[in-house]
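Below is one structure, written out as structure tokens, with a few remarks after it.
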Amino acid sequence: MNLKGRHLIDPGDFSLLELESIFRLAEKIIENKDEYSQICKEKILGTLFYEPSTRTRLSFEAAMLRMGGKVLGFSDANVSSAAKGENIADTIRVLSAYADVVVIRHPKEGAPRLASKYSNIPVINGGDGGHQHPTQTLTDLLTIKKLKGSISGNTVGFCGDLKFGRTVHSLIKTLSRYPDNKFILVSPEELRLPDHLRHMLKNIAQVEIIETEDLETVIGSLDILYMTRIQKERFFNEADYVRLKDSYILTRNKLSEAKEDMLVMHPLPRVNEISYDVDEDDRAAYFKQAEFGVYARMALIAAQLGVGNNA
Amino acid sequence: MLKVESIHYGIVIDHITQGKGKKIFDKLNLGEADFPVVLLRNVVSSKFGKKDIIKIENRIDIDMTMLGLIDPNVTINIVEDEKTIKKMKVEIPKEVQGLFKCKNPRCISNAEDNINPLFTLVKANGTIEYSCEYCEELTSYTL
């Protein structure tokens, strides 16, 4: 597999074999971190974060630093030239000369795709509005592979904000490419999966989807429960957010109906959709998931830079 | 009865659904043309009862991709030496650029200038829907 120089804007940009090669590299890194600690020496990761981020930005920075590389960029659009009105095309053209690989997070959907058209270096989509978040998908798939054994043949429940939850969009799109996965979508009517994704899943991927508003009636059939927070920042109307924000709260009591080996996943940050008492349950996988995120991003960056194959 | 002569060289857009001729005339920007054009409305048709027709003289290099979106009944006739040398039915275009904007207010194409997204046909049964190359949201186009 040669991912050197390739962009990752949508999880569909990589074939399943290419994704597998990233997971293999990530697993090698997990097993022997020291061997990979200098593979990005002299390399620079550019971070263009036009929207607030803690986990994703720090995860990318940790990934690059753990491979001996350096990081430059901004984490607030107000301190960048974007505040002066510079467009994305100009920003990325300039950054292409400063860095070897760049991650971009932007509130507008499709901004990383636009950036990739003008970039001479690999562009990674670090999350664009309510659209896609492909590196969270790498993280999620690596977590499922490590903790569940297989990415195929699972009944996966997605619960919460499926309309604006970009991690859901990227993950369900990718899981639908693996065989024998079934999906149960749990959300209020107003936060159902976008039409274009439902159309893709039903007509192109031809996977089984069940949509419901009731988590408790379906939790017993799930192998994986992927919880999401209601995305406050995507609502145009505060009243709608307040009405929907407490739609689903997973408690230890509700987990009593779930399978003993079900995984509870969450891209984090959580607000109140998973009670703190669930953290102590063996099925809670979300902090492990955050840890795997660093290794998944290390493997991605190394593959895009074409380093680490012989480590 | 009103009589419009046949053209020697050019295009005849025929079988336009009655009332849609003006829209096609405008979309093709024919009001700005410096070559002879004529829009005929409410012409008696054995097939449709009444129809509109557009005749364009001296030009055959007009991009008519979007006609299928405005009126799928249209027939395009290419005329040379007063004879129809080619007759084409229009189709719903598989890709469209510049005819409409992405309906998604969160799309980058609605936030920055000079972005002209390519739309790809996703559904053409009943409603016609196009997917934006940037945000993938579906934008419907009504015939």
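Residues are named by chain letter and number: chains run A, B, ... in the order of the structure tokens, numbers start at 1 in each chain, and ligands are numbered from 1 in the order shown.
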
Find the nearest atom pair between each residue of chain B and chain A for residues within 10 Å, count only C-alpha atoms, give distances in Å to one decimal, sort rows by chain and ascending number, and present the table as a tab-separated table.
```
residue	atom	partner	partner_atom	distance
B:Asn104	CA	A:Glu109	CA	8.9
B:Pro105	CA	A:Lys108	CA	8.8
B:Arg106	CA	A:Lys108	CA	5.3
B:Cys107	CA	A:Glu109	CA	4.6
B:Ile108	CA	A:Lys108	CA	5.0
B:Ser109	CA	A:Gly110	CA	7.9
B:Asn110	CA	A:Lys108	CA	8.9
B:Ala111	CA	A:Lys108	CA	7.5
B:Glu112	CA	A:Asn87	CA	7.0
B:Asp113	CA	A:Asn87	CA	8.5
B:Ile115	CA	A:Leu114	CA	8.7
B:Pro117	CA	A:Leu114	CA	9.8
B:Val122	CA	A:His196	CA	8.8
B:Lys123	CA	A:His199	CA	9.3
B:Glu129	CA	A:His196	CA	9.6
B:Tyr130	CA	A:His196	CA	9.7
B:Ser131	CA	A:His196	CA	7.8
B:Cys132	CA	A:Gly110	CA	9.1
B:Glu133	CA	A:Gly110	CA	7.8
B:Tyr134	CA	A:Gly110	CA	4.1
B:Cys135	CA	A:Gly110	CA	4.8
B:Glu136	CA	A:His196	CA	7.0
B:Glu137	CA	A:His196	CA	6.1
B:Leu138	CA	A:His196	CA	6.1
B:Thr139	CA	A:His196	CA	9.8
```

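Here the residues within chain B that DSSP labels helix (DSSP H, G or I) on the basis of the backbone are B:Gly21, B:Lys22, B:Lys23, B:Ile24, B:Phe25, B:Asp26, B:Lys27, B:Leu30, B:Gly31, B:Glu32, B:Leu67, B:Gly68, B:Leu69, B:Ile70, B:Ile108, B:Ser109, B:Asn110.
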
Check your understanding: Do you know which residues are at most 6 Å from Glu57 (chain B) counting only C-alpha atoms, after dropping those on the same chain fewer than 6 positions away, and could you put them as a ChimeraX atom specification?
Key -> /B:9-10,36

Check your understanding: Quick one, how far is CA of Phe158 (chain A) from CA of Leu191 (chain A)?
Key -> 11.7 Å

Practice item. Fewer than 4 positions away in the same chain doesn't count, so skip those; otherwise give me all residues within 9 Å of region 58-71 of chain B, counting only C-alpha atoms, as a ChimeraX atom specification. Key: /B:7-11,16-17,20,23-24,27-28,35-36,78-79,89-93,96,99,128,141-143

Exercise for review: Might you pull out every residue within 10 Å of region 168-176 of chain A, with only C-alpha atoms counted and same-chain residues fewer than 6 positions away left off, and present them as a ChimeraX atom specification?
Suggested key: /A:10-12,14-16,127,130-141,151-154,156-162,182-183,193-194,197-198,200-202,204-208,226-228,266-267

Practice item. Show which residues sit within 8 Å of Asp52 (chain B), as a PyMOL selection string. Count only C-alpha atoms, and ignore same-chain residues fewer than 4 positions away. Key: chain B and resi 14-21+39-43

Study note, to complete from the structure: From CA of Thr127 (chain B) to CA of Asn203 (chain A) the spacing works out at 15.8 Å

Point to revise | Which of region 3-88 of chain B DSSP labels strand (DSSP E), written as an MDAnalysis selection string | key: chainID B and resid 10:17 37:45 49:57 75:80 83:88

Can you pull out every residue within 7 Å of Val294 (chain A), counting only C-alpha atoms, but drop anything in the same chain fewer than 4 positions away, and send it as a compact mmCIF listing (two decimals) with all heavy atoms, in the first residue's frame?
```txt
# COMPACT_ATOMS: atom_id res chain seq x y z
N SER A 59 -4.41 15.36 20.11
CA SER A 59 -4.12 14.01 19.64
C SER A 59 -3.17 14.07 18.43
O SER A 59 -2.21 13.30 18.34
CB SER A 59 -5.44 13.33 19.29
OG SER A 59 -5.22 12.07 18.74
N PHE A 60 -3.44 14.98 17.51
CA PHE A 60 -2.56 15.15 16.35
C PHE A 60 -1.18 15.63 16.79
O PHE A 60 -0.14 15.16 16.29
CB PHE A 60 -3.16 16.13 15.34
CG PHE A 60 -3.98 15.46 14.28
CD1 PHE A 60 -5.36 15.54 14.28
CD2 PHE A 60 -3.36 14.72 13.28
CE1 PHE A 60 -6.10 14.90 13.31
CE2 PHE A 60 -4.10 14.08 12.30
CZ PHE A 60 -5.49 14.17 12.32
N ALA A 62 0.23 15.29 19.72
CA ALA A 62 0.90 14.20 20.44
C ALA A 62 1.44 13.18 19.44
O ALA A 62 2.58 12.69 19.58
CB ALA A 62 -0.07 13.53 21.41
N ALA A 63 0.64 12.88 18.43
CA ALA A 63 1.05 11.89 17.42
C ALA A 63 2.35 12.33 16.74
O ALA A 63 3.30 11.55 16.61
CB ALA A 63 -0.05 11.70 16.39
N MET A 298 -0.84 8.63 14.39
CA MET A 298 0.59 8.41 14.13
C MET A 298 0.75 7.57 12.86
O MET A 298 1.55 7.91 11.97
CB MET A 298 1.25 7.67 15.31
CG MET A 298 1.46 8.53 16.54
SD MET A 298 1.97 7.57 17.99
CE MET A 298 3.72 7.35 17.66
```

Practice item. Quote the spacing between CA of Leu65 (chain A) and CA of Asn2 (chain A) in Å to one decimal place. Key: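 Between CA of Leu65 (chain A) and CA of Asn2 (chain A) the gap is 23.0 Å.
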
Review point. For Lys55 (chain B), which residue out of B:Val4, B:Ile13, B:Leu30, B:Ile76 is the nearest one, using only C-alpha atoms?
Key: B:Ile13

**Study point:** Closest of A:Lys254, A:Ala296, A:Arg229, A:Ser21 to Glu273 (chain A) - atom-to-atom distances counting only C-alpha atoms
**Key:**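 Distance minimum relative to Glu273 (chain A) lands on A:Arg229.
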
Check your understanding: Pick from A:Ala239, A:Leu244, A:Ile249, A:Ala99: nearest to Glu216 (chain A), with only C-alpha atoms counted?
Key ->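 Among A:Ala239, A:Leu244, A:Ile249, A:Ala99, it is A:Ile249 that comes nearest to Glu216 (chain A).
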
Revision key, fill the gap. If you count only C-alpha atoms, the residue of A:Ile104, A:Val242, A:Ala302, A:Leu185 closest to Ile230 (chain A) turns out to be A:Val242
